[in-house]
Amino acid sequence: MTSPFYASLLASIIISLLSLVGIFIVNPTTKHQITKKSFNFETFFLAFAISSLLCDVLFHLMSHASSIGIFGGIILSFLLHLYLGESSSTPAILNIVSDGIHNFLDGASVAVAFMVSQRVGLITSISIMCHELPQEISDYYILRRAGWSKQKALVWNFASALLCVAGTMLGWRFITDEIKEHAVGITSGCFLYLILSEMMPDLAHELHVTKKIGGKNGYSQSKLLSSVIGFGVGCAVMYGAEFLEHAVEHWLVGHVHHIH
């Protein structure tokens, strides 16, 4: 029987590898390149990223977060934003910081679960995989949209994901429930700041067009439709991941008896 420590380490490595999935699903090279007359894939993926991250914060993270942690995460992101300035890489760096903390805490959760038993550890690990997969797709897209190359986006997203392994290793020794609650709050605040200060205004700018005749302002119908579909798909995927997470957990509780 594998020791709980090494089992948790293996689980966190597998979770980290999910960060590589994004390159097979979304691969924009420059803004507006993936565009068709009736459907704009760039706007779709931006709306999908906003929706999936927001659902992750509201449905998954905030129920485990402290208010002071959320406040601290927003202020931390604001100060980092001031330091970085209005460069094209600012959203990417904010996302790496937010997601890095999130991944670290997922790793700590894996460690705590395996401390209870390998059965609980397995259930927790699969649950984390369910909500991490769509989020990692969004994370990769945000880095690519910021103008980072495929290699750079993939490496940094994977490096951020590897903090899950670090969280598992340190979780066996140092992570307490109080620390985790504040850290989850910081993660939630960072993600909220990224969504509201960078991604939502970016989407509004994408949708806004100036009509050639008369110079009147308006919105691109194809982009508006693409964003609505993106919001719907992102929400549906995260809700489906939440449902799958509970379904898998329920099945494992009823069927995995031989793992202690």
# chains A, B, ... in the order shown; residues from 1 in each chain; ligands from 1
>>> residues_around(residues="stretch 134-137 of chain A", least_positions_apart="2", cutoff="6 Å", atoms="only C-alpha atoms", output="VMD selection string")
chain A and resid 19 22 132 139 to 140
>>> residues_around(residues="A:Met115", least_positions_apart="5", cutoff="9 Å", atoms="only C-alpha atoms", output="PyMOL selection string")
chain A and resi 4-5+8+110+120-121+172
>>> closest_residue(among="A:Leu143, A:Leu18, A:Ala236, A:Leu80", to="A:Met199", atoms="only C-alpha atoms")
A:Leu143
>>> closest_residue(among="A:Val116, A:Ala204, A:Ile15, A:Ile186", to="A:Ser67", atoms="only C-alpha atoms")
A:Ile186
>>> select_by_dssp(residues="stretch 12-129 of chain A", states="helix (DSSP H, G or I)", output="PDB file with C-alpha atoms, in the first residue's frame")
ATOM      1  CA  SER A  12      -1.285  16.752  -6.813  1.00  0.00           C
ATOM      2  CA  ILE A  13       1.047  16.059  -9.774  1.00  0.00           C
ATOM      3  CA  ILE A  14      -1.877  14.686 -11.807  1.00  0.00           C
ATOM      4  CA  ILE A  15      -3.944  17.761 -10.902  1.00  0.00           C
ATOM      5  CA  SER A  16      -1.079  20.013 -12.017  1.00  0.00           C
ATOM      6  CA  LEU A  17      -0.907  18.280 -15.398  1.00  0.00           C
ATOM      7  CA  LEU A  18      -4.440  19.508 -16.158  1.00  0.00           C
ATOM      8  CA  SER A  19      -2.893  22.922 -16.852  1.00  0.00           C
ATOM      9  CA  LEU A  20      -1.579  21.528 -20.146  1.00  0.00           C
ATOM     10  CA  GLY A  22      -5.695  24.471 -22.584  1.00  0.00           C
ATOM     11  CA  ILE A  23      -3.299  24.381 -25.527  1.00  0.00           C
ATOM     12  CA  PHE A  24      -5.399  21.633 -27.159  1.00  0.00           C
ATOM     13  CA  ILE A  25      -8.694  23.522 -26.788  1.00  0.00           C
ATOM     14  CA  PHE A  41     -14.465  32.900 -31.207  1.00  0.00           C
ATOM     15  CA  GLU A  42     -12.206  35.459 -29.500  1.00  0.00           C
ATOM     16  CA  THR A  43     -15.195  37.116 -27.808  1.00  0.00           C
ATOM     17  CA  PHE A  44     -16.669  33.700 -27.011  1.00  0.00           C
ATOM     18  CA  PHE A  45     -13.539  32.535 -25.180  1.00  0.00           C
ATOM     19  CA  LEU A  46     -13.228  35.839 -23.294  1.00  0.00           C
ATOM     20  CA  ALA A  47     -16.830  35.546 -22.078  1.00  0.00           C
ATOM     21  CA  PHE A  48     -16.261  31.862 -21.273  1.00  0.00           C
ATOM     22  CA  ALA A  49     -13.189  32.758 -19.191  1.00  0.00           C
ATOM     23  CA  ILE A  50     -15.086  35.465 -17.281  1.00  0.00           C
ATOM     24  CA  SER A  51     -18.066  33.204 -16.644  1.00  0.00           C
ATOM     25  CA  SER A  52     -16.084  30.148 -15.550  1.00  0.00           C
ATOM     26  CA  LEU A  53     -13.783  32.117 -13.222  1.00  0.00           C
ATOM     27  CA  LEU A  54     -16.693  34.042 -11.716  1.00  0.00           C
ATOM     28  CA  CYS A  55     -18.656  30.837 -11.139  1.00  0.00           C
ATOM     29  CA  ASP A  56     -15.598  29.259  -9.525  1.00  0.00           C
ATOM     30  CA  VAL A  57     -15.317  32.202  -7.119  1.00  0.00           C
ATOM     31  CA  LEU A  58     -19.030  32.437  -6.293  1.00  0.00           C
ATOM     32  CA  PHE A  59     -19.920  28.723  -6.169  1.00  0.00           C
ATOM     33  CA  HIS A  60     -16.687  27.189  -4.907  1.00  0.00           C
ATOM     34  CA  LEU A  61     -14.247  29.576  -3.244  1.00  0.00           C
ATOM     35  CA  MET A  62     -16.248  32.202  -1.361  1.00  0.00           C
ATOM     36  CA  SER A  63     -18.103  29.675   0.781  1.00  0.00           C
ATOM     37  CA  HIS A  64     -14.722  28.758   2.300  1.00  0.00           C
ATOM     38  CA  SER A  67     -14.157  38.411   4.518  1.00  0.00           C
ATOM     39  CA  ILE A  68     -10.861  39.966   5.547  1.00  0.00           C
ATOM     40  CA  GLY A  69      -9.071  37.652   3.133  1.00  0.00           C
ATOM     41  CA  ILE A  70     -11.316  38.765   0.238  1.00  0.00           C
ATOM     42  CA  PHE A  71     -10.684  42.408   1.120  1.00  0.00           C
ATOM     43  CA  GLY A  72      -6.963  41.737   1.352  1.00  0.00           C
ATOM     44  CA  GLY A  73      -6.956  39.998  -2.048  1.00  0.00           C
ATOM     45  CA  ILE A  74      -8.646  42.964  -3.724  1.00  0.00           C
ATOM     46  CA  ILE A  75      -6.209  45.453  -2.154  1.00  0.00           C
ATOM     47  CA  LEU A  76      -3.224  43.230  -2.998  1.00  0.00           C
ATOM     48  CA  SER A  77      -4.339  43.016  -6.642  1.00  0.00           C
ATOM     49  CA  PHE A  78      -4.899  46.774  -6.776  1.00  0.00           C
ATOM     50  CA  LEU A  79      -1.386  47.478  -5.468  1.00  0.00           C
ATOM     51  CA  LEU A  80       0.098  44.936  -7.897  1.00  0.00           C
ATOM     52  CA  HIS A  81      -1.872  46.561 -10.716  1.00  0.00           C
ATOM     53  CA  LEU A  82      -0.458  49.975  -9.773  1.00  0.00           C
ATOM     54  CA  TYR A  83       3.052  48.528  -9.798  1.00  0.00           C
ATOM     55  CA  LEU A  84       2.625  46.784 -13.151  1.00  0.00           C
ATOM     56  CA  THR A  90      -1.031  42.965 -16.440  1.00  0.00           C
ATOM     57  CA  PRO A  91      -4.101  40.638 -16.674  1.00  0.00           C
ATOM     58  CA  ALA A  92      -1.804  37.644 -17.237  1.00  0.00           C
ATOM     59  CA  ILE A  93       0.332  38.391 -14.175  1.00  0.00           C
ATOM     60  CA  LEU A  94      -2.715  39.058 -11.990  1.00  0.00           C
ATOM     61  CA  ASN A  95      -4.146  35.730 -13.127  1.00  0.00           C
ATOM     62  CA  ILE A  96      -0.913  33.839 -12.376  1.00  0.00           C
ATOM     63  CA  VAL A  97      -0.812  35.285  -8.848  1.00  0.00           C
ATOM     64  CA  SER A  98      -4.486  34.487  -8.185  1.00  0.00           C
ATOM     65  CA  ASP A  99      -4.344  31.020  -9.708  1.00  0.00           C
ATOM     66  CA  GLY A 100      -1.029  30.220  -8.016  1.00  0.00           C
ATOM     67  CA  ILE A 101      -2.549  30.795  -4.573  1.00  0.00           C
ATOM     68  CA  HIS A 102      -5.594  28.794  -5.599  1.00  0.00           C
ATOM     69  CA  ASN A 103      -3.482  25.867  -6.793  1.00  0.00           C
ATOM     70  CA  PHE A 104      -1.376  25.954  -3.620  1.00  0.00           C
ATOM     71  CA  LEU A 105      -4.542  25.697  -1.516  1.00  0.00           C
ATOM     72  CA  ASP A 106      -5.852  22.828  -3.651  1.00  0.00           C
ATOM     73  CA  GLY A 107      -2.617  20.999  -2.896  1.00  0.00           C
ATOM     74  CA  ALA A 108      -3.018  21.683   0.813  1.00  0.00           C
ATOM     75  CA  SER A 109      -6.578  20.303   0.622  1.00  0.00           C
ATOM     76  CA  VAL A 110      -5.234  17.117  -0.957  1.00  0.00           C
ATOM     77  CA  ALA A 111      -2.700  16.741   1.852  1.00  0.00           C
ATOM     78  CA  VAL A 112      -5.313  17.248   4.576  1.00  0.00           C
ATOM     79  CA  ALA A 113      -7.659  14.763   2.897  1.00  0.00           C
ATOM     80  CA  PHE A 114      -4.983  12.066   2.689  1.00  0.00           C
ATOM     81  CA  MET A 115      -4.188  12.673   6.353  1.00  0.00           C
ATOM     82  CA  VAL A 116      -7.704  11.477   7.118  1.00  0.00           C
ATOM     83  CA  GLN A 118      -6.536   7.448   1.333  1.00  0.00           C
ATOM     84  CA  ARG A 119     -10.228   7.014   0.546  1.00  0.00           C
ATOM     85  CA  VAL A 120     -11.025  10.594   1.529  1.00  0.00           C
ATOM     86  CA  GLY A 121      -7.901  11.733  -0.304  1.00  0.00           C
ATOM     87  CA  LEU A 122      -9.026  10.044  -3.521  1.00  0.00           C
ATOM     88  CA  ILE A 123     -12.491  11.605  -3.284  1.00  0.00           C
ATOM     89  CA  THR A 124     -11.044  15.066  -2.667  1.00  0.00           C
ATOM     90  CA  SER A 125      -8.513  14.763  -5.499  1.00  0.00           C
ATOM     91  CA  ILE A 126     -11.153  13.798  -8.070  1.00  0.00           C
ATOM     92  CA  SER A 127     -13.413  16.614  -6.849  1.00  0.00           C
ATOM     93  CA  ILE A 128     -10.598  19.130  -7.355  1.00  0.00           C
ATOM     94  CA  MET A 129      -9.934  17.782 -10.872  1.00  0.00           C
TER      95      MET A 129
END
>>> closest_residue(among="A:Ser3, A:Asn40, A:Ser66, A:Ser227", to="A:Ile179", atoms="only C-alpha atoms")
A:Ser66
